[in-house]
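For reference, my_file.pdb (PDB, C-alpha atoms and all ligand atoms):
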```pdb
MODEL        1
ATOM      1  CA  MET T   1     -12.247   0.901  -9.018
ATOM      2  CA  LYS T   2     -11.269   4.411  -9.987
ATOM      3  CA  LYS T   3      -7.556   4.280 -10.773
ATOM      4  CA  ILE T   4      -4.210   2.895  -9.643
ATOM      5  CA  GLU T   5      -3.699   5.054  -6.572
ATOM      6  CA  HIS T   6      -0.180   3.881  -5.835
ATOM      7  CA  ILE T   7       2.344   1.099  -6.213
ATOM      8  CA  GLY T   8       3.997  -0.065  -3.009
ATOM      9  CA  ILE T   9       7.667  -1.004  -3.065
ATOM     10  CA  ALA T  10       9.281  -2.886  -0.183
ATOM     11  CA  VAL T  11      12.691  -1.461   0.747
ATOM     12  CA  LYS T  12      15.288  -2.363   3.368
ATOM     13  CA  ASP T  13      16.521   1.164   3.999
ATOM     14  CA  LEU T  14      13.938   3.900   3.549
ATOM     15  CA  LYS T  15      16.452   6.737   3.766
ATOM     16  CA  ALA T  16      18.621   5.298   1.010
ATOM     17  CA  ALA T  17      15.564   4.445  -1.087
ATOM     18  CA  ASN T  18      14.210   7.991  -0.665
ATOM     19  CA  ASN T  19      17.446   9.361  -2.069
ATOM     20  CA  LEU T  20      17.394   6.948  -4.962
ATOM     21  CA  TYR T  21      13.732   7.507  -5.864
ATOM     22  CA  SER T  22      14.136  11.276  -5.494
ATOM     23  CA  LYS T  23      16.773  11.075  -8.226
ATOM     24  CA  LEU T  24      14.786   8.618 -10.317
ATOM     25  CA  LEU T  25      11.525  10.563 -10.204
ATOM     26  CA  ASN T  26      13.204  13.981  -9.991
ATOM     27  CA  THR T  27      11.031  15.001  -7.032
ATOM     28  CA  SER T  28      11.109  14.658  -3.257
ATOM     29  CA  PRO T  29       8.644  12.608  -1.217
ATOM     30  CA  TYR T  30       5.649  14.800  -0.337
ATOM     31  CA  LYS T  31       5.027  12.822   2.811
ATOM     32  CA  MET T  32       6.757  10.448   5.220
ATOM     33  CA  GLU T  33       4.680   8.608   7.754
ATOM     34  CA  GLU T  34       4.970   5.776  10.232
ATOM     35  CA  VAL T  35       2.032   3.343  10.328
ATOM     36  CA  VAL T  36       2.318   1.922  13.821
ATOM     37  CA  SER T  37      -0.427  -0.691  13.333
ATOM     38  CA  GLU T  38       1.542  -2.243  10.437
ATOM     39  CA  ASN T  39       5.063  -1.710  11.851
ATOM     40  CA  VAL T  40       6.156   0.233   8.793
ATOM     41  CA  ASN T  41       7.645   3.539   7.765
ATOM     42  CA  THR T  42       6.396   4.899   4.476
ATOM     43  CA  SER T  43       7.159   7.686   2.069
ATOM     44  CA  PHE T  44       5.110   8.880  -0.878
ATOM     45  CA  PHE T  45       6.090  10.352  -4.223
ATOM     46  CA  GLN T  46       3.573  11.901  -6.559
ATOM     47  CA  VAL T  47       3.927  10.697 -10.147
ATOM     48  CA  GLY T  48       1.238  12.251 -12.316
ATOM     49  CA  GLU T  49      -2.101  11.057 -10.982
ATOM     50  CA  SER T  50      -0.551   8.045  -9.217
ATOM     51  CA  LYS T  51       1.970   7.635  -6.435
ATOM     52  CA  ILE T  52       4.893   5.495  -5.463
ATOM     53  CA  GLU T  53       4.894   4.343  -1.850
ATOM     54  CA  LEU T  54       8.178   3.141  -0.386
ATOM     55  CA  VAL T  55       7.671   0.871   2.624
ATOM     56  CA  GLU T  56      10.243  -0.175   5.194
ATOM     57  CA  GLY T  57       9.570  -2.556   8.096
ATOM     58  CA  THR T  58      10.245  -1.178  11.569
ATOM     59  CA  SER T  59      10.520  -4.573  13.270
ATOM     60  CA  PRO T  60      11.499  -8.101  12.198
ATOM     61  CA  ASP T  61       7.878  -9.281  12.454
ATOM     62  CA  SER T  62       6.554  -6.505  10.248
ATOM     63  CA  PRO T  63       4.872  -7.929   7.120
ATOM     64  CA  ILE T  64       7.364  -5.915   5.034
ATOM     65  CA  SER T  65      10.399  -7.369   6.819
ATOM     66  CA  LYS T  66       8.993 -10.854   6.273
ATOM     67  CA  PHE T  67       8.303 -10.120   2.611
ATOM     68  CA  ILE T  68      11.889  -8.902   2.043
ATOM     69  CA  GLU T  69      13.301 -11.891   3.873
ATOM     70  CA  LYS T  70      11.345 -14.253   1.606
ATOM     71  CA  ARG T  71      11.436 -12.458  -1.734
ATOM     72  CA  GLY T  72      13.882  -9.595  -1.457
ATOM     73  CA  GLU T  73      13.195  -5.924  -2.128
ATOM     74  CA  GLY T  74      10.780  -5.039  -4.902
ATOM     75  CA  VAL T  75       7.193  -4.397  -5.889
ATOM     76  CA  HIS T  76       5.053  -5.319  -2.896
ATOM     77  CA  HIS T  77       1.488  -4.276  -3.753
ATOM     78  CA  ILE T  78      -0.749  -2.381  -6.137
ATOM     79  CA  ALA T  79      -3.343  -0.069  -4.621
ATOM     80  CA  PHE T  80      -6.611   0.797  -6.328
ATOM     81  CA  GLU T  81      -8.651   3.790  -5.309
ATOM     82  CA  VAL T  82     -12.319   3.072  -4.695
ATOM     83  CA  SER T  83     -15.133   5.443  -3.808
ATOM     84  CA  ASP T  84     -16.843   3.140  -1.276
ATOM     85  CA  ILE T  85     -14.455   0.655   0.309
ATOM     86  CA  GLU T  86     -17.089  -1.261   2.309
ATOM     87  CA  LYS T  87     -19.179  -1.781  -0.802
ATOM     88  CA  GLU T  88     -16.104  -2.920  -2.764
ATOM     89  CA  ILE T  89     -15.106  -5.398  -0.017
ATOM     90  CA  ALA T  90     -18.639  -6.824  -0.077
ATOM     91  CA  ARG T  91     -18.608  -7.069  -3.880
ATOM     92  CA  LEU T  92     -15.207  -8.793  -4.026
ATOM     93  CA  THR T  93     -16.071 -11.200  -1.213
ATOM     94  CA  LYS T  94     -19.228 -12.168  -3.112
ATOM     95  CA  GLU T  95     -17.083 -12.725  -6.223
ATOM     96  CA  GLY T  96     -14.994 -15.204  -4.222
ATOM     97  CA  PHE T  97     -11.908 -13.119  -3.473
ATOM     98  CA  GLN T  98     -10.271 -13.680  -0.134
ATOM     99  CA  MET T  99      -9.838 -10.517   1.900
ATOM    100  CA  ILE T 100      -7.009 -10.117   4.423
ATOM    101  CA  HIS T 101      -9.041  -7.317   6.010
ATOM    102  CA  GLU T 102     -12.797  -7.822   5.979
ATOM    103  CA  LYS T 103     -13.244  -4.410   7.551
ATOM    104  CA  PRO T 104     -11.408  -1.296   6.358
ATOM    105  CA  LYS T 105      -8.606  -0.056   8.602
ATOM    106  CA  ASP T 106      -6.564   3.116   8.900
ATOM    107  CA  GLY T 107      -3.679   3.292   6.458
ATOM    108  CA  ALA T 108      -1.038   5.841   5.585
ATOM    109  CA  ASP T 109      -1.759   9.052   3.680
ATOM    110  CA  ASN T 110      -5.229   9.675   5.131
ATOM    111  CA  LYS T 111      -6.773   6.515   3.699
ATOM    112  CA  LEU T 112      -9.024   3.691   4.718
ATOM    113  CA  ILE T 113      -7.467   0.515   3.377
ATOM    114  CA  ALA T 114      -8.084  -3.219   2.995
ATOM    115  CA  PHE T 115      -5.854  -5.853   1.441
ATOM    116  CA  LEU T 116      -6.863  -8.834  -0.695
ATOM    117  CA  HIS T 117      -5.021 -12.084  -0.215
ATOM    118  CA  PRO T 118      -2.484 -12.526  -3.061
ATOM    119  CA  LYS T 119      -3.614 -16.162  -3.393
ATOM    120  CA  SER T 120      -6.873 -14.960  -4.862
ATOM    121  CA  SER T 121      -5.271 -12.529  -7.328
ATOM    122  CA  ASN T 122      -2.504 -14.385  -9.175
ATOM    123  CA  GLY T 123       0.129 -13.748  -6.550
ATOM    124  CA  VAL T 124      -0.345  -9.978  -6.526
ATOM    125  CA  LEU T 125      -1.074  -8.300  -3.225
ATOM    126  CA  ILE T 126      -3.866  -5.813  -3.881
ATOM    127  CA  GLU T 127      -4.834  -2.910  -1.663
ATOM    128  CA  LEU T 128      -8.116  -1.070  -1.817
ATOM    129  CA  CYS T 129      -8.011   2.483  -0.575
ATOM    130  CA  GLN T 130     -10.505   5.218  -0.034
ATOM    131  CA  GLU T 131      -9.736   8.806   0.887
ATOM    132  CA  LYS T 132     -10.954   9.517   4.420
ATOM    133  CA  VAL T 133     -13.595  12.184   4.649
ATOM    134  CA  GLN T 134     -12.190  15.035   6.715
TER     135      GLN T 134
HETATM  136 ZN    ZN H   1      -0.036   0.941  -0.038
ENDMDL
END
```
Mind turning this structure into structure tokens?
Amino acid sequence: MKKIEHIGIAVKDLKAANNLYSKLLNTSPYKMEEVVSENVNTSFFQVGESKIELVEGTSPDSPISKFIEKRGEGVHHIAFEVSDIEKEIARLTKEGFQMIHEKPKDGADNKLIAFLHPKSSNGVLIELCQEKVQ
């Protein structure tokens, strides 16, 4: 694992949250992107070498909408950057971690991503991400 790439925050209203986080971080999001496969809208703020990702569900059955319904808005996941996501998935599986995605999938911000089940990491949803080679 190379670094904390970003922290994902579940929000009800992305537009309002963008305004708030723009004030908080004193910068605008450098990117806004819909991830159709996950039913979410996202926006990204650069904070030093890490990022903040705001995530809003686009439908009631989006994982984000379900999360907010159960636990309210707040920190949703921590994403670690890895250099070889397939290798890292294999390593973690061997260590006994439960993967939500056993194969990497397309995520926002030009990344391949895979999530670990929070049950296997003390209730924290963990995302692995690897920059896609252009
Ligand atoms: Zn994320």
As AutoDock Vina command-line options: centre and edge lengths in Å, one decimal, of the axis-aligned box holding segment 91-97 of chain T with 3 Å per side:
```
--center_x -15.6 --center_y -11.1 --center_z -3.7 --size_x 13.3 --size_y 14.1 --size_z 11.0
```
Original post:
Could you write out as a list in words the residues that the PyMOL selection byres (((not hetatm)) within 8 of (chain H and resi 1)) matches in the shown file?
Top reply: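 Applied to this file, the PyMOL selection byres (((not hetatm)) within 8 of (chain H and resi 1)) returns His6, Ile7, Gly8, Glu53, His77, Ile78, Ala79, Gly107, Ala108 and Glu127 of chain T.
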Selection to disk with C-alpha atoms, as a PDB file, in the coordinates of the input:
```
ATOM      1  CA  HIS T   6      -0.180   3.881  -5.835  1.00  0.00           C
ATOM      2  CA  ILE T   7       2.344   1.099  -6.213  1.00  0.00           C
ATOM      3  CA  GLY T   8       3.997  -0.065  -3.009  1.00  0.00           C
ATOM      4  CA  GLU T  53       4.894   4.343  -1.850  1.00  0.00           C
ATOM      5  CA  HIS T  77       1.488  -4.276  -3.753  1.00  0.00           C
ATOM      6  CA  ILE T  78      -0.749  -2.381  -6.137  1.00  0.00           C
ATOM      7  CA  ALA T  79      -3.343  -0.069  -4.621  1.00  0.00           C
ATOM      8  CA  GLY T 107      -3.679   3.292   6.458  1.00  0.00           C
ATOM      9  CA  ALA T 108      -1.038   5.841   5.585  1.00  0.00           C
ATOM     10  CA  GLU T 127      -4.834  -2.910  -1.663  1.00  0.00           C
TER      11      GLU T 127
END
```
Subject >> For Ile100 of chain T: contacts at 6 Å, only C-alpha atoms, fewer than 2 positions along chain excluded, given as a list in words >> reply: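 Once the adjacent positions are removed, what remains is Phe115, Leu116 and His117 of chain T.
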Original post:
Got a sec to resolve the PyMOL selection byres (((chain T and resi 30) around 12) and not hetatm) on this structure and send the residues as a ChimeraX atom specification?
Top reply: /T:18,22,27-29,31-33,42-47,51-54,109
Selection: 12 Å around segment 89-95 of chain T, only C-alpha atoms, excl. self and same-chain fewer than 3 positions, as a PDB file with C-alpha atoms, in the frame of the given file:
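Here's the written file around20.pdb:
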```pdb
ATOM      1  CA  MET T   1     -12.247   0.901  -9.018  1.00  0.00           C
ATOM      2  CA  VAL T  82     -12.319   3.072  -4.695  1.00  0.00           C
ATOM      3  CA  SER T  83     -15.133   5.443  -3.808  1.00  0.00           C
ATOM      4  CA  ASP T  84     -16.843   3.140  -1.276  1.00  0.00           C
ATOM      5  CA  ILE T  85     -14.455   0.655   0.309  1.00  0.00           C
ATOM      6  CA  GLU T  86     -17.089  -1.261   2.309  1.00  0.00           C
ATOM      7  CA  GLN T  98     -10.271 -13.680  -0.134  1.00  0.00           C
ATOM      8  CA  MET T  99      -9.838 -10.517   1.900  1.00  0.00           C
ATOM      9  CA  ILE T 100      -7.009 -10.117   4.423  1.00  0.00           C
ATOM     10  CA  HIS T 101      -9.041  -7.317   6.010  1.00  0.00           C
ATOM     11  CA  GLU T 102     -12.797  -7.822   5.979  1.00  0.00           C
ATOM     12  CA  LYS T 103     -13.244  -4.410   7.551  1.00  0.00           C
ATOM     13  CA  PRO T 104     -11.408  -1.296   6.358  1.00  0.00           C
ATOM     14  CA  LEU T 112      -9.024   3.691   4.718  1.00  0.00           C
ATOM     15  CA  ILE T 113      -7.467   0.515   3.377  1.00  0.00           C
ATOM     16  CA  ALA T 114      -8.084  -3.219   2.995  1.00  0.00           C
ATOM     17  CA  PHE T 115      -5.854  -5.853   1.441  1.00  0.00           C
ATOM     18  CA  LEU T 116      -6.863  -8.834  -0.695  1.00  0.00           C
ATOM     19  CA  HIS T 117      -5.021 -12.084  -0.215  1.00  0.00           C
ATOM     20  CA  SER T 120      -6.873 -14.960  -4.862  1.00  0.00           C
ATOM     21  CA  SER T 121      -5.271 -12.529  -7.328  1.00  0.00           C
ATOM     22  CA  ILE T 126      -3.866  -5.813  -3.881  1.00  0.00           C
ATOM     23  CA  GLU T 127      -4.834  -2.910  -1.663  1.00  0.00           C
ATOM     24  CA  LEU T 128      -8.116  -1.070  -1.817  1.00  0.00           C
ATOM     25  CA  CYS T 129      -8.011   2.483  -0.575  1.00  0.00           C
ATOM     26  CA  GLN T 130     -10.505   5.218  -0.034  1.00  0.00           C
TER      27      GLN T 130
END
```
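The interatomic distance for the pair atom CA of Glu73 of chain T and atom CA of Ile4 of chain T works out to 20.9 Å.
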Got a sec to resolve the PyMOL selection byres (((chain T and resi 36) around 12) and not hetatm) on this structure and send the residues as a PDB file with C-alpha atoms, in the frame of the given file?
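The new file selection17.pdb reads:
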```pdb
ATOM      1  CA  GLU T  33       4.680   8.608   7.754  1.00  0.00           C
ATOM      2  CA  GLU T  34       4.970   5.776  10.232  1.00  0.00           C
ATOM      3  CA  VAL T  35       2.032   3.343  10.328  1.00  0.00           C
ATOM      4  CA  SER T  37      -0.427  -0.691  13.333  1.00  0.00           C
ATOM      5  CA  GLU T  38       1.542  -2.243  10.437  1.00  0.00           C
ATOM      6  CA  ASN T  39       5.063  -1.710  11.851  1.00  0.00           C
ATOM      7  CA  VAL T  40       6.156   0.233   8.793  1.00  0.00           C
ATOM      8  CA  ASN T  41       7.645   3.539   7.765  1.00  0.00           C
ATOM      9  CA  THR T  42       6.396   4.899   4.476  1.00  0.00           C
ATOM     10  CA  GLU T  56      10.243  -0.175   5.194  1.00  0.00           C
ATOM     11  CA  GLY T  57       9.570  -2.556   8.096  1.00  0.00           C
ATOM     12  CA  THR T  58      10.245  -1.178  11.569  1.00  0.00           C
ATOM     13  CA  SER T  59      10.520  -4.573  13.270  1.00  0.00           C
ATOM     14  CA  SER T  62       6.554  -6.505  10.248  1.00  0.00           C
ATOM     15  CA  ASP T 106      -6.564   3.116   8.900  1.00  0.00           C
ATOM     16  CA  GLY T 107      -3.679   3.292   6.458  1.00  0.00           C
ATOM     17  CA  ALA T 108      -1.038   5.841   5.585  1.00  0.00           C
TER      18      ALA T 108
END
```
Original post:
Nearest to Lys111 of chain T among T:Ser65, T:Glu5, T:Gly123, T:Asn19, with distances taken over only C-alpha atoms: which residue is it?
Top reply: T:Glu5
**OP:** Could you please determine the separation between atom CA of Lys66 of chain T and atom CA of Ala10 of chain T in Å, to one decimal place?
**Re:**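 Atom CA of Ala10 of chain T lies 10.3 Å from atom CA of Lys66 of chain T.
Of note, atom CA of Glu88 of chain T and atom CA of Phe67 of chain T are spaced 26.0 Å apart.
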Original post:
Which one of T:Lys87, T:Lys105, T:Lys3, T:His76 sits closest to Gly48 of chain T if you count all atoms listed in the file?
Top reply: T:Lys3
